[in-house]
$ cat coords_18.tsv   # TSV, C-alpha atoms
chain	number	residue	atom	x	y	z
G	1	MET	CA	-26.50	-1.84	-4.78
G	2	ARG	CA	-23.79	-4.52	-4.88
G	3	ILE	CA	-20.20	-3.32	-4.41
G	4	PRO	CA	-18.16	-3.78	-7.61
G	5	ARG	CA	-15.28	-6.16	-6.98
G	6	CYS	CA	-12.41	-3.72	-7.24
G	7	SER	CA	-8.67	-4.31	-6.81
G	8	LEU	CA	-6.34	-1.32	-7.28
G	9	HIS	CA	-3.06	-2.43	-5.69
G	10	ASN	CA	-1.37	-4.97	-7.98
G	11	HIS	CA	2.23	-5.56	-9.04
G	12	THR	CA	3.78	-7.20	-12.09
G	13	CYS	CA	7.11	-8.52	-13.34
G	14	TYR	CA	8.07	-4.92	-14.07
G	15	ASP	CA	8.69	-4.44	-10.35
G	16	ASP	CA	8.56	-7.18	-7.69
G	17	GLY	CA	5.54	-9.08	-8.98
G	18	ALA	CA	5.72	-12.57	-10.44
G	19	ASN	CA	3.57	-12.20	-13.56
G	20	THR	CA	3.20	-10.16	-16.72
G	21	PRO	CA	0.48	-7.52	-16.83
G	22	GLU	CA	-1.62	-9.68	-19.15
G	23	GLU	CA	-1.33	-12.66	-16.81
G	24	VAL	CA	-2.51	-10.40	-13.98
G	25	VAL	CA	-5.53	-9.34	-16.06
G	26	GLN	CA	-6.42	-12.93	-16.84
G	27	GLY	CA	-6.04	-13.95	-13.21
G	28	ALA	CA	-8.19	-11.05	-12.08
G	29	ILE	CA	-10.97	-11.98	-14.49
G	30	ALA	CA	-10.83	-15.58	-13.26
G	31	SER	CA	-11.12	-14.29	-9.67
G	32	GLY	CA	-14.25	-12.30	-10.43
G	33	CYS	CA	-12.54	-8.91	-10.33
G	34	GLU	CA	-14.50	-6.21	-12.16
G	35	VAL	CA	-12.15	-3.22	-11.77
G	36	LEU	CA	-8.41	-3.89	-11.88
G	37	GLY	CA	-5.77	-1.28	-11.17
G	38	PHE	CA	-2.05	-1.67	-11.77
G	39	SER	CA	0.25	0.05	-9.27
G	40	GLY	CA	3.88	-0.58	-10.12
G	41	HIS	CA	6.53	0.60	-7.67
G	42	SER	CA	7.83	3.94	-8.87
G	43	HIS	CA	11.48	4.43	-9.77
G	44	LEU	CA	13.84	5.18	-6.89
G	45	SER	CA	17.32	6.46	-7.62
G	46	PHE	CA	18.88	4.45	-4.77
G	47	VAL	CA	17.26	1.11	-5.74
G	48	PRO	CA	19.20	-0.83	-8.42
G	49	ASP	CA	17.51	-1.50	-11.75
G	50	ASP	CA	15.80	-4.91	-11.91
G	51	ASP	CA	15.24	-4.84	-8.16
G	52	TRP	CA	11.80	-4.25	-6.58
G	53	ALA	CA	11.18	-0.78	-8.05
G	54	MET	CA	10.75	-0.08	-11.75
G	55	SER	CA	13.58	1.46	-13.73
G	56	GLU	CA	12.76	4.44	-15.94
G	57	ALA	CA	12.77	2.20	-19.02
G	58	GLN	CA	10.55	-0.38	-17.32
G	59	THR	CA	8.15	2.39	-16.33
G	60	GLU	CA	7.67	3.43	-19.96
G	61	GLN	CA	6.99	-0.16	-21.03
G	62	TYR	CA	4.68	-0.72	-18.04
G	63	ILE	CA	2.56	2.27	-19.05
G	64	ALA	CA	2.37	1.12	-22.67
G	65	ASP	CA	1.41	-2.43	-21.68
G	66	VAL	CA	-1.34	-1.42	-19.26
G	67	LEU	CA	-2.88	1.04	-21.71
G	68	ALA	CA	-2.86	-1.61	-24.45
G	69	LEU	CA	-4.49	-4.15	-22.12
G	70	ARG	CA	-7.16	-1.63	-21.17
G	71	GLU	CA	-8.23	-1.52	-24.80
G	72	ARG	CA	-7.84	-5.24	-25.42
G	73	TYR	CA	-9.94	-6.33	-22.45
G	74	ALA	CA	-12.40	-3.43	-22.35
G	75	ASP	CA	-15.39	-5.72	-22.83
G	76	ARG	CA	-14.39	-7.99	-19.94
G	77	ILE	CA	-12.90	-5.86	-17.18
G	78	GLU	CA	-12.27	-2.20	-16.34
G	79	ILE	CA	-8.53	-1.52	-16.15
G	80	ALA	CA	-6.91	1.53	-14.54
G	81	LEU	CA	-3.31	2.71	-14.78
G	82	GLY	CA	-1.90	3.52	-11.36
G	83	ILE	CA	1.47	3.89	-9.69
G	84	GLU	CA	2.73	3.31	-6.17
G	85	TYR	CA	4.78	6.38	-5.33
G	86	ASP	CA	7.25	5.93	-2.53
G	87	SER	CA	7.86	8.82	-0.15
G	88	TYR	CA	11.33	9.15	-1.72
G	89	SER	CA	10.08	9.15	-5.33
G	90	SER	CA	10.23	12.31	-7.42
G	91	LEU	CA	8.08	11.60	-10.48
G	92	SER	CA	5.07	13.28	-12.04
G	93	ARG	CA	1.50	12.03	-11.58
G	94	LYS	CA	1.03	11.97	-15.35
G	95	PRO	CA	-0.28	9.84	-17.06
G	96	TYR	CA	-1.68	7.85	-14.13
G	97	ASP	CA	-5.35	7.46	-13.28
G	98	TYR	CA	-4.52	7.31	-9.57
G	99	VAL	CA	-1.57	7.31	-7.19
G	100	ILE	CA	-0.97	5.06	-4.20
G	101	GLY	CA	1.38	6.67	-1.67
G	102	SER	CA	3.64	4.55	0.51
G	103	VAL	CA	6.58	4.60	2.90
G	104	HIS	CA	9.10	1.78	2.50
G	105	HIS	CA	12.24	3.42	3.92
G	106	VAL	CA	13.59	5.60	6.64
G	107	TYR	CA	16.70	7.72	6.14
G	108	ARG	CA	19.29	7.49	8.88
G	109	ASN	CA	23.02	8.26	8.97
G	110	GLY	CA	23.06	8.79	5.22
G	111	VAL	CA	21.43	5.41	4.50
G	112	HIS	CA	17.98	4.52	3.14
G	113	ILE	CA	16.82	1.67	5.37
G	114	PRO	CA	14.02	-0.56	4.00
G	115	VAL	CA	11.48	-1.52	6.65
G	116	ASP	CA	9.79	-4.47	4.93
G	117	LEU	CA	12.28	-6.70	3.12
G	118	THR	CA	13.33	-9.20	5.80
G	119	PHE	CA	13.22	-9.20	9.57
G	120	ASP	CA	16.91	-10.10	9.85
G	121	GLN	CA	17.87	-7.18	7.62
G	122	LEU	CA	15.68	-4.82	9.60
G	123	SER	CA	17.09	-6.01	12.93
G	124	GLU	CA	20.65	-5.54	11.76
G	125	ALA	CA	19.87	-2.01	10.57
G	126	VAL	CA	18.22	-1.11	13.87
G	127	ARG	CA	21.22	-2.40	15.81
G	128	GLU	CA	23.59	-0.40	13.64
G	129	HIS	CA	21.67	2.86	13.26
G	130	TYR	CA	19.29	2.99	16.26
G	131	ASN	CA	21.23	1.21	19.00
G	132	GLY	CA	18.56	-1.49	18.94
G	133	ASP	CA	15.66	0.90	19.61
G	134	PHE	CA	12.83	-0.21	17.34
G	135	LEU	CA	10.56	2.52	18.64
G	136	ALA	CA	13.04	5.12	17.44
G	137	LEU	CA	12.82	3.47	14.02
G	138	ALA	CA	9.02	3.65	14.24
G	139	GLU	CA	9.26	7.37	15.01
G	140	ASP	CA	11.25	7.96	11.82
G	141	TYR	CA	8.84	5.80	9.84
G	142	TYR	CA	5.77	7.69	11.02
G	143	ARG	CA	7.49	11.03	10.42
G	144	ASN	CA	7.70	9.98	6.77
G	145	MET	CA	4.10	8.84	6.84
G	146	TYR	CA	3.10	12.19	8.35
G	147	THR	CA	4.28	14.00	5.20
G	148	LEU	CA	3.27	11.31	2.69
G	149	VAL	CA	0.42	13.22	1.06
G	150	GLU	CA	2.50	16.36	0.69
G	151	LYS	CA	5.33	14.34	-0.90
G	152	THR	CA	3.28	12.14	-3.25
G	153	ASP	CA	-0.09	13.87	-3.78
G	154	CYS	CA	-1.52	10.36	-3.49
G	155	ASP	CA	-5.17	9.36	-3.78
G	156	ILE	CA	-4.74	6.21	-1.67
G	157	VAL	CA	-2.58	5.71	1.44
G	158	ALA	CA	-0.89	2.31	1.34
G	159	HIS	CA	-0.30	-0.09	4.27
G	160	PHE	CA	-0.26	2.67	6.88
G	161	ASP	CA	1.51	0.59	9.55
G	162	LEU	CA	3.89	-1.33	7.26
G	163	ILE	CA	6.50	-0.93	10.01
G	164	THR	CA	4.67	-3.75	11.87
G	165	LYS	CA	4.97	-6.26	9.01
G	166	PHE	CA	7.14	-8.71	10.97
G	167	ASN	CA	5.83	-7.88	14.43
G	168	GLU	CA	3.33	-10.73	14.76
G	169	LYS	CA	5.95	-13.45	14.35
G	170	HIS	CA	8.95	-11.49	15.69
G	171	PRO	CA	7.60	-9.09	18.33
G	172	PHE	CA	9.87	-6.08	18.35
G	173	LEU	CA	7.34	-3.27	18.82
G	174	ASP	CA	4.86	-2.96	21.66
G	175	THR	CA	2.01	-1.64	19.55
G	176	GLU	CA	-0.12	-1.21	22.68
G	177	SER	CA	2.41	1.10	24.32
G	178	ALA	CA	1.57	4.77	24.79
G	179	ARG	CA	4.72	5.87	22.95
G	180	TYR	CA	4.01	3.79	19.85
G	181	ARG	CA	0.35	4.74	19.67
G	182	GLU	CA	1.07	8.42	20.19
G	183	ILE	CA	3.43	8.64	17.21
G	184	ALA	CA	1.24	6.45	14.98
G	185	VAL	CA	-1.95	8.34	15.75
G	186	ALA	CA	-0.28	11.73	15.32
G	187	ALA	CA	0.74	10.76	11.79
G	188	LEU	CA	-2.64	9.22	11.08
G	189	ASP	CA	-4.55	12.29	12.23
G	190	HIS	CA	-2.44	14.54	10.02
G	191	VAL	CA	-2.98	12.35	6.95
G	192	LEU	CA	-6.70	12.32	7.72
G	193	THR	CA	-6.80	16.11	7.36
G	194	ASN	CA	-5.96	15.61	3.67
G	195	ASP	CA	-9.06	13.42	3.05
G	196	ARG	CA	-7.31	10.58	1.26
G	197	ILE	CA	-8.54	6.98	1.01
G	198	PHE	CA	-6.81	4.47	3.27
G	199	GLU	CA	-6.39	0.93	2.02
G	200	ILE	CA	-7.29	-2.12	4.06
G	201	ASN	CA	-4.44	-4.20	2.69
G	202	THR	CA	-4.60	-8.02	2.70
G	203	GLY	CA	-1.21	-8.55	1.05
G	204	VAL	CA	0.49	-9.09	4.39
G	205	MET	CA	-1.92	-11.98	5.02
G	206	ALA	CA	-1.27	-13.53	1.60
G	207	ARG	CA	2.46	-13.55	2.32
G	208	GLY	CA	1.96	-15.14	5.74
G	209	HIS	CA	3.25	-12.33	7.96
G	210	ARG	CA	0.01	-11.32	9.71
G	211	GLY	CA	-3.38	-12.82	10.35
G	212	SER	CA	-5.22	-9.56	9.72
G	213	PRO	CA	-4.83	-6.73	7.19
G	214	TYR	CA	-3.07	-3.41	7.55
G	215	PRO	CA	-3.84	-1.19	9.35
G	216	ASP	CA	-4.11	-2.50	12.90
G	217	ARG	CA	-7.57	-2.39	14.44
G	218	PHE	CA	-6.93	0.62	16.70
G	219	LEU	CA	-5.80	2.63	13.65
G	220	LEU	CA	-8.69	1.51	11.48
G	221	SER	CA	-11.12	2.40	14.26
G	222	ARG	CA	-9.47	5.82	14.50
G	223	ILE	CA	-9.98	6.33	10.76
G	224	ARG	CA	-13.66	5.52	11.23
G	225	GLU	CA	-13.94	7.81	14.25
G	226	LYS	CA	-12.46	10.71	12.28
G	227	GLY	CA	-14.66	10.13	9.24
G	228	GLY	CA	-11.93	8.74	7.01
G	229	ARG	CA	-12.49	6.68	3.87
G	230	VAL	CA	-11.29	3.13	3.20
G	231	MET	CA	-11.07	0.63	0.36
G	232	ILE	CA	-10.03	-3.03	0.15
G	233	THR	CA	-6.76	-3.82	-1.65
G	234	ALA	CA	-4.81	-7.04	-2.08
G	235	ASP	CA	-1.33	-5.59	-2.72
G	236	SER	CA	-1.05	-8.61	-4.99
G	237	HIS	CA	2.26	-9.81	-6.39
G	238	THR	CA	0.87	-12.83	-8.25
G	239	ALA	CA	-1.80	-13.20	-10.92
G	240	GLN	CA	-4.05	-15.28	-8.66
G	241	ARG	CA	-4.35	-12.92	-5.67
G	242	SER	CA	-5.93	-9.71	-6.92
G	243	MET	CA	-9.04	-10.43	-4.80
G	244	TYR	CA	-7.26	-12.11	-1.89
G	245	ALA	CA	-9.32	-12.20	1.34
G	246	TYR	CA	-11.72	-9.57	-0.02
G	247	GLU	CA	-14.67	-10.80	2.02
G	248	GLU	CA	-12.57	-11.13	5.20
G	249	ALA	CA	-11.28	-7.59	4.79
G	250	THR	CA	-14.81	-6.30	4.24
G	251	ALA	CA	-15.93	-8.00	7.46
G	252	TYR	CA	-12.91	-6.47	9.23
G	253	ALA	CA	-13.98	-3.02	8.08
G	254	VAL	CA	-17.55	-3.60	9.25
G	255	SER	CA	-16.31	-4.82	12.64
G	256	CYS	CA	-14.49	-1.48	13.02
G	257	GLY	CA	-17.67	0.45	12.35
G	258	PHE	CA	-17.54	1.13	8.62
G	259	ASP	CA	-20.70	0.89	6.56
G	260	THR	CA	-19.15	2.26	3.34
G	261	LEU	CA	-16.27	1.17	1.15
G	262	TRP	CA	-14.77	3.16	-1.70
G	263	VAL	CA	-14.00	1.69	-5.10
G	264	MET	CA	-13.04	2.98	-8.52
G	265	LYS	CA	-15.76	2.83	-11.14
G	266	ASN	CA	-15.58	4.41	-14.59
G	267	GLY	CA	-12.39	6.16	-13.56
G	268	GLU	CA	-13.84	7.79	-10.45
G	269	PHE	CA	-13.66	6.97	-6.74
G	270	VAL	CA	-17.18	6.24	-5.52
G	271	PRO	CA	-18.69	4.98	-2.22
G	272	PHE	CA	-20.78	1.84	-1.81
G	273	ILE	CA	-22.67	0.63	1.24
G	274	CYS	CA	-21.01	-2.54	2.52
G	275	LYS	CA	-23.60	-3.72	5.07

$ encode --input "coords_18.tsv" --output "structure tokens"
Amino acid sequence: MRIPRCSLHNHTCYDDGANTPEEVVQGAIASGCEVLGFSGHSHLSFVPDDDWAMSEAQTEQYIADVLALRERYADRIEIALGIEYDSYSSLSRKPYDYVIGSVHHVYRNGVHIPVDLTFDQLSEAVREHYNGDFLALAEDYYRNMYTLVEKTDCDIVAHFDLITKFNEKHPFLDTESARYREIAVAALDHVLTNDRIFEINTGVMARGHRGSPYPDRFLLSRIREKGGRVMITADSHTAQRSMYAYEEATAYAVSCGFDTLWVMKNGEFVPFICK
């Protein structure tokens, strides 16, 4: 049976996306998407309103818009209401159909340090708070990832190795080192015990930072080895990219040994054979 073209990680103008929810729906339909999920960044008390995370007021309007679009486009595309909960969020799961869990910050010396905004900003923070030791930063990042499921009760684990976003063009982490792999795999193995779905995220490719999706191949192979589940997501921030590099990501999964991808269909997570 053919895999439904499913895209559950999408952002809008309510957070750091470029388009309205309706524009995202229209772009998804044009891209051949059959199941579209919205996943706005949840409110964070330390992120200013109108920045990359939704304010409380924006969250209410986001929910209303997505639910209205679900009814309006019901005969053309399946729409799900999701949320991307950060590890420092403190909101309820209700009324969301699914939750994506993510780590975007570490907390050091009383400061929330974002790991994925710009490389220059990250470098300055590491110099100031970690004496230039990027591996120490990675340790804090993966400690947060270790407890992600407990903190967010997520269904989907987002961009597991987001800490490496800038590493391809600005090598600052030796991702083949024993120290890095030990801390990354320890976090991964713990998350795997919770039986959540890991996304193969092509958004980092769309934005030109990496030539392959998150997570790195050694992590994706570990997920396969341990019997973990995966799905393809675009982490799209524009209306045209909800299905970005879907086929390439599917081939990437197959090359790491997966024969099954998970999608949402009729409000449920279901497996489909991908080869």

$ atom_distance --input "coords_18.tsv" --atom1 "CA of Tyr214 in chain G" --atom2 "CA of Leu36 in chain G"
20.2 Å

$ atom_distance --input "coords_18.tsv" --atom1 "CA of Phe119 in chain G" --atom2 "CA of Phe172 in chain G"
9.9 Å

$ closest_residue --input "coords_18.tsv" --among "G:Val24, G:Val157, G:Ile77, G:Ala251" --to "Arg5 in chain G" --atoms "only C-alpha atoms"
G:Ile77

$ residues_around --input "coords_18.tsv" --residues "Asn109 in chain G" --least-positions-apart "4" --cutoff "12 Å" --atoms "all atoms listed in the file" --output "VMD selection string"
chain G and resid 113 125 to 126 128 to 130

$ write_last_selection --input "coords_18.tsv" --atoms "C-alpha atoms" --output "CSV table (one decimal), in the coordinates of the input"
chain,number,residue,atom,x,y,z
G,113,ILE,CA,16.8,1.7,5.4
G,125,ALA,CA,19.9,-2.0,10.6
G,126,VAL,CA,18.2,-1.1,13.9
G,128,GLU,CA,23.6,-0.4,13.6
G,129,HIS,CA,21.7,2.9,13.3
G,130,TYR,CA,19.3,3.0,16.3

$ residues_around --input "coords_18.tsv" --residues "Lys169 in chain G" --least-positions-apart "3" --cutoff "12 Å" --atoms "only C-alpha atoms" --output "ChimeraX atom specification"
/G:119,164-166,172-173,208-211

$ closest_residue --input "coords_18.tsv" --among "G:Gln26, G:Ser45, G:Thr233, G:Ser123" --to "Ser7 in chain G" --atoms "all atoms listed in the file"
G:Thr233

$ residues_around --input "coords_18.tsv" --residues "Ala253 in chain G" --least-positions-apart "4" --cutoff "9 Å" --atoms "only C-alpha atoms" --output "list in words"
Ile200, Leu220, Ser221, Val230, Ile232, Glu248, Ala249, Gly257, Phe258, Asp259, Thr260, Leu261 and Cys274 of chain G

$ closest_residue --input "coords_18.tsv" --among "G:Gly37, G:Pro48, G:Gly228, G:Pro4" --to "Tyr98 in chain G" --atoms "all atoms listed in the file"
G:Gly37

$ closest_residue --input "coords_18.tsv" --among "G:Val99, G:Ile163, G:Ile183, G:Leu122" --to "Arg196 in chain G" --atoms "only C-alpha atoms"
G:Val99

$ axis_aligned_box --input "coords_18.tsv" --around "range 261-275 of chain G" --padding-each-side "6 Å" --output "JSON"
{"center_x": -18.0, "center_y": 2.0, "center_z": -4.8, "size_x": 23.2, "size_y": 23.5, "size_z": 31.7}

$ residues_around --input "coords_18.tsv" --residues "Ser236 in chain G" --least-positions-apart "3" --cutoff "7 Å" --atoms "all atoms listed in the file" --output "list of chain:residue names"
G:His9, G:Asn10, G:His11, G:Gly203, G:Arg241, G:Ser242

$ write_last_selection --input "coords_18.tsv" --atoms "C-alpha atoms" --output "JSON list (two decimals), keeping the file's coordinate frame"
[["chain", "number", "residue", "atom", "x", "y", "z"],
["G", 9, "HIS", "CA", -3.06, -2.43, -5.69],
["G", 10, "ASN", "CA", -1.37, -4.97, -7.98],
["G", 11, "HIS", "CA", 2.23, -5.56, -9.04],
["G", 203, "GLY", "CA", -1.21, -8.55, 1.05],
["G", 241, "ARG", "CA", -4.35, -12.92, -5.67],
["G", 242, "SER", "CA", -5.93, -9.71, -6.92]]

$ closest_residue --input "coords_18.tsv" --among "G:Val204, G:Cys33, G:Val254, G:Met264" --to "Leu162 in chain G" --atoms "all atoms listed in the file"
G:Val204

$ closest_residue --input "coords_18.tsv" --among "G:Ile79, G:Tyr246, G:Ile29, G:Gly17" --to "Asp51 in chain G" --atoms "only C-alpha atoms"
G:Gly17

$ residues_around --input "coords_18.tsv" --residues "Cys154 in chain G" --least-positions-apart "2" --cutoff "6 Å" --atoms "all atoms listed in the file" --output "number ranges by chain"
G: 99-101, 149, 152, 156

$ residues_near_point --input "coords_18.tsv" --point "(10.2, 8.4, -2.2)" --cutoff "12 Å" --atoms "only C-alpha atoms" --output "JSON, numbers by chain"
{"G": [41, 42, 43, 44, 45, 46, 47, 53, 84, 85, 86, 87, 88, 89, 90, 91, 100, 101, 102, 103, 104, 105, 106, 107, 112, 114, 144, 145, 147, 148, 149, 150, 151, 152, 153, 154]}

$ atom_distance --input "coords_18.tsv" --atom1 "CA of Ser31 in chain G" --atom2 "CA of Phe198 in chain G"
23.2 Å

$ decode --input "coords_18.tsv" --residues "range 251-262 of chain G" --atoms "all heavy atoms" --output "compact mmCIF listing (two decimals), in the first residue's frame"
# COMPACT_ATOMS: atom_id res chain seq x y z
N ALA G 251 14.68 7.71 1.16
CA ALA G 251 15.85 6.92 0.74
C ALA G 251 16.91 6.87 1.84
O ALA G 251 17.57 5.84 2.04
CB ALA G 251 16.43 7.51 -0.55
N TYR G 252 17.07 7.97 2.56
CA TYR G 252 18.01 8.03 3.68
C TYR G 252 17.61 7.03 4.76
O TYR G 252 18.46 6.29 5.30
CB TYR G 252 18.01 9.45 4.22
CG TYR G 252 18.95 9.76 5.35
CD1 TYR G 252 20.32 9.62 5.23
CD2 TYR G 252 18.46 10.27 6.57
CE1 TYR G 252 21.18 9.95 6.28
CE2 TYR G 252 19.30 10.61 7.61
CZ TYR G 252 20.66 10.44 7.46
OH TYR G 252 21.49 10.78 8.50
N ALA G 253 16.32 6.96 5.06
CA ALA G 253 15.84 6.01 6.05
C ALA G 253 16.09 4.58 5.59
O ALA G 253 16.57 3.73 6.37
CB ALA G 253 14.34 6.21 6.29
N VAL G 254 15.80 4.29 4.33
CA VAL G 254 16.02 2.95 3.80
C VAL G 254 17.50 2.58 3.86
O VAL G 254 17.87 1.45 4.20
CB VAL G 254 15.48 2.84 2.36
CG1 VAL G 254 15.91 1.53 1.70
CG2 VAL G 254 13.96 2.97 2.35
N SER G 255 18.37 3.54 3.55
CA SER G 255 19.81 3.27 3.57
C SER G 255 20.33 2.96 4.97
O SER G 255 21.39 2.35 5.13
CB SER G 255 20.58 4.45 2.98
OG SER G 255 20.61 5.56 3.87
N CYS G 256 19.57 3.39 5.99
CA CYS G 256 19.93 3.09 7.38
C CYS G 256 19.21 1.85 7.91
O CYS G 256 19.28 1.55 9.10
CB CYS G 256 19.63 4.29 8.28
SG CYS G 256 20.74 5.70 8.01
N GLY G 257 18.52 1.15 7.02
CA GLY G 257 17.94 -0.13 7.39
C GLY G 257 16.45 -0.14 7.68
O GLY G 257 15.89 -1.19 8.00
N PHE G 258 15.78 0.99 7.56
CA PHE G 258 14.35 1.03 7.84
C PHE G 258 13.55 0.50 6.65
O PHE G 258 13.86 0.80 5.50
CB PHE G 258 13.90 2.46 8.16
CG PHE G 258 14.34 2.95 9.50
CD1 PHE G 258 15.54 3.64 9.64
CD2 PHE G 258 13.58 2.70 10.63
CE1 PHE G 258 15.96 4.08 10.88
CE2 PHE G 258 14.00 3.15 11.88
CZ PHE G 258 15.19 3.83 12.00
N ASP G 259 12.52 -0.27 6.95
CA ASP G 259 11.58 -0.68 5.91
C ASP G 259 10.18 -0.15 6.19
O ASP G 259 9.25 -0.40 5.43
CB ASP G 259 11.55 -2.19 5.75
CG ASP G 259 11.15 -2.92 7.03
OD1 ASP G 259 10.68 -2.26 7.98
OD2 ASP G 259 11.30 -4.15 7.07
N THR G 260 10.03 0.62 7.29
CA THR G 260 8.72 1.13 7.70
C THR G 260 8.84 2.59 8.11
O THR G 260 9.78 2.97 8.82
CB THR G 260 8.16 0.32 8.88
OG1 THR G 260 8.06 -1.05 8.50
CG2 THR G 260 6.80 0.83 9.30
N LEU G 261 7.92 3.39 7.64
CA LEU G 261 7.78 4.77 8.10
C LEU G 261 6.41 4.94 8.76
O LEU G 261 5.44 4.29 8.37
CB LEU G 261 7.89 5.75 6.93
CG LEU G 261 9.23 5.85 6.23
CD1 LEU G 261 9.13 6.78 5.02
CD2 LEU G 261 10.32 6.34 7.18
N TRP G 262 6.35 5.85 9.73
CA TRP G 262 5.10 6.12 10.42
C TRP G 262 4.52 7.44 9.90
O TRP G 262 5.25 8.38 9.61
CB TRP G 262 5.31 6.19 11.93
CG TRP G 262 5.55 4.82 12.50
CD1 TRP G 262 6.69 4.07 12.36
CD2 TRP G 262 4.63 4.04 13.25
NE1 TRP G 262 6.53 2.85 12.99
CE2 TRP G 262 5.27 2.81 13.55
CE3 TRP G 262 3.33 4.25 13.71
CZ2 TRP G 262 4.65 1.80 14.28
CZ3 TRP G 262 2.71 3.25 14.45
CH2 TRP G 262 3.36 2.03 14.72
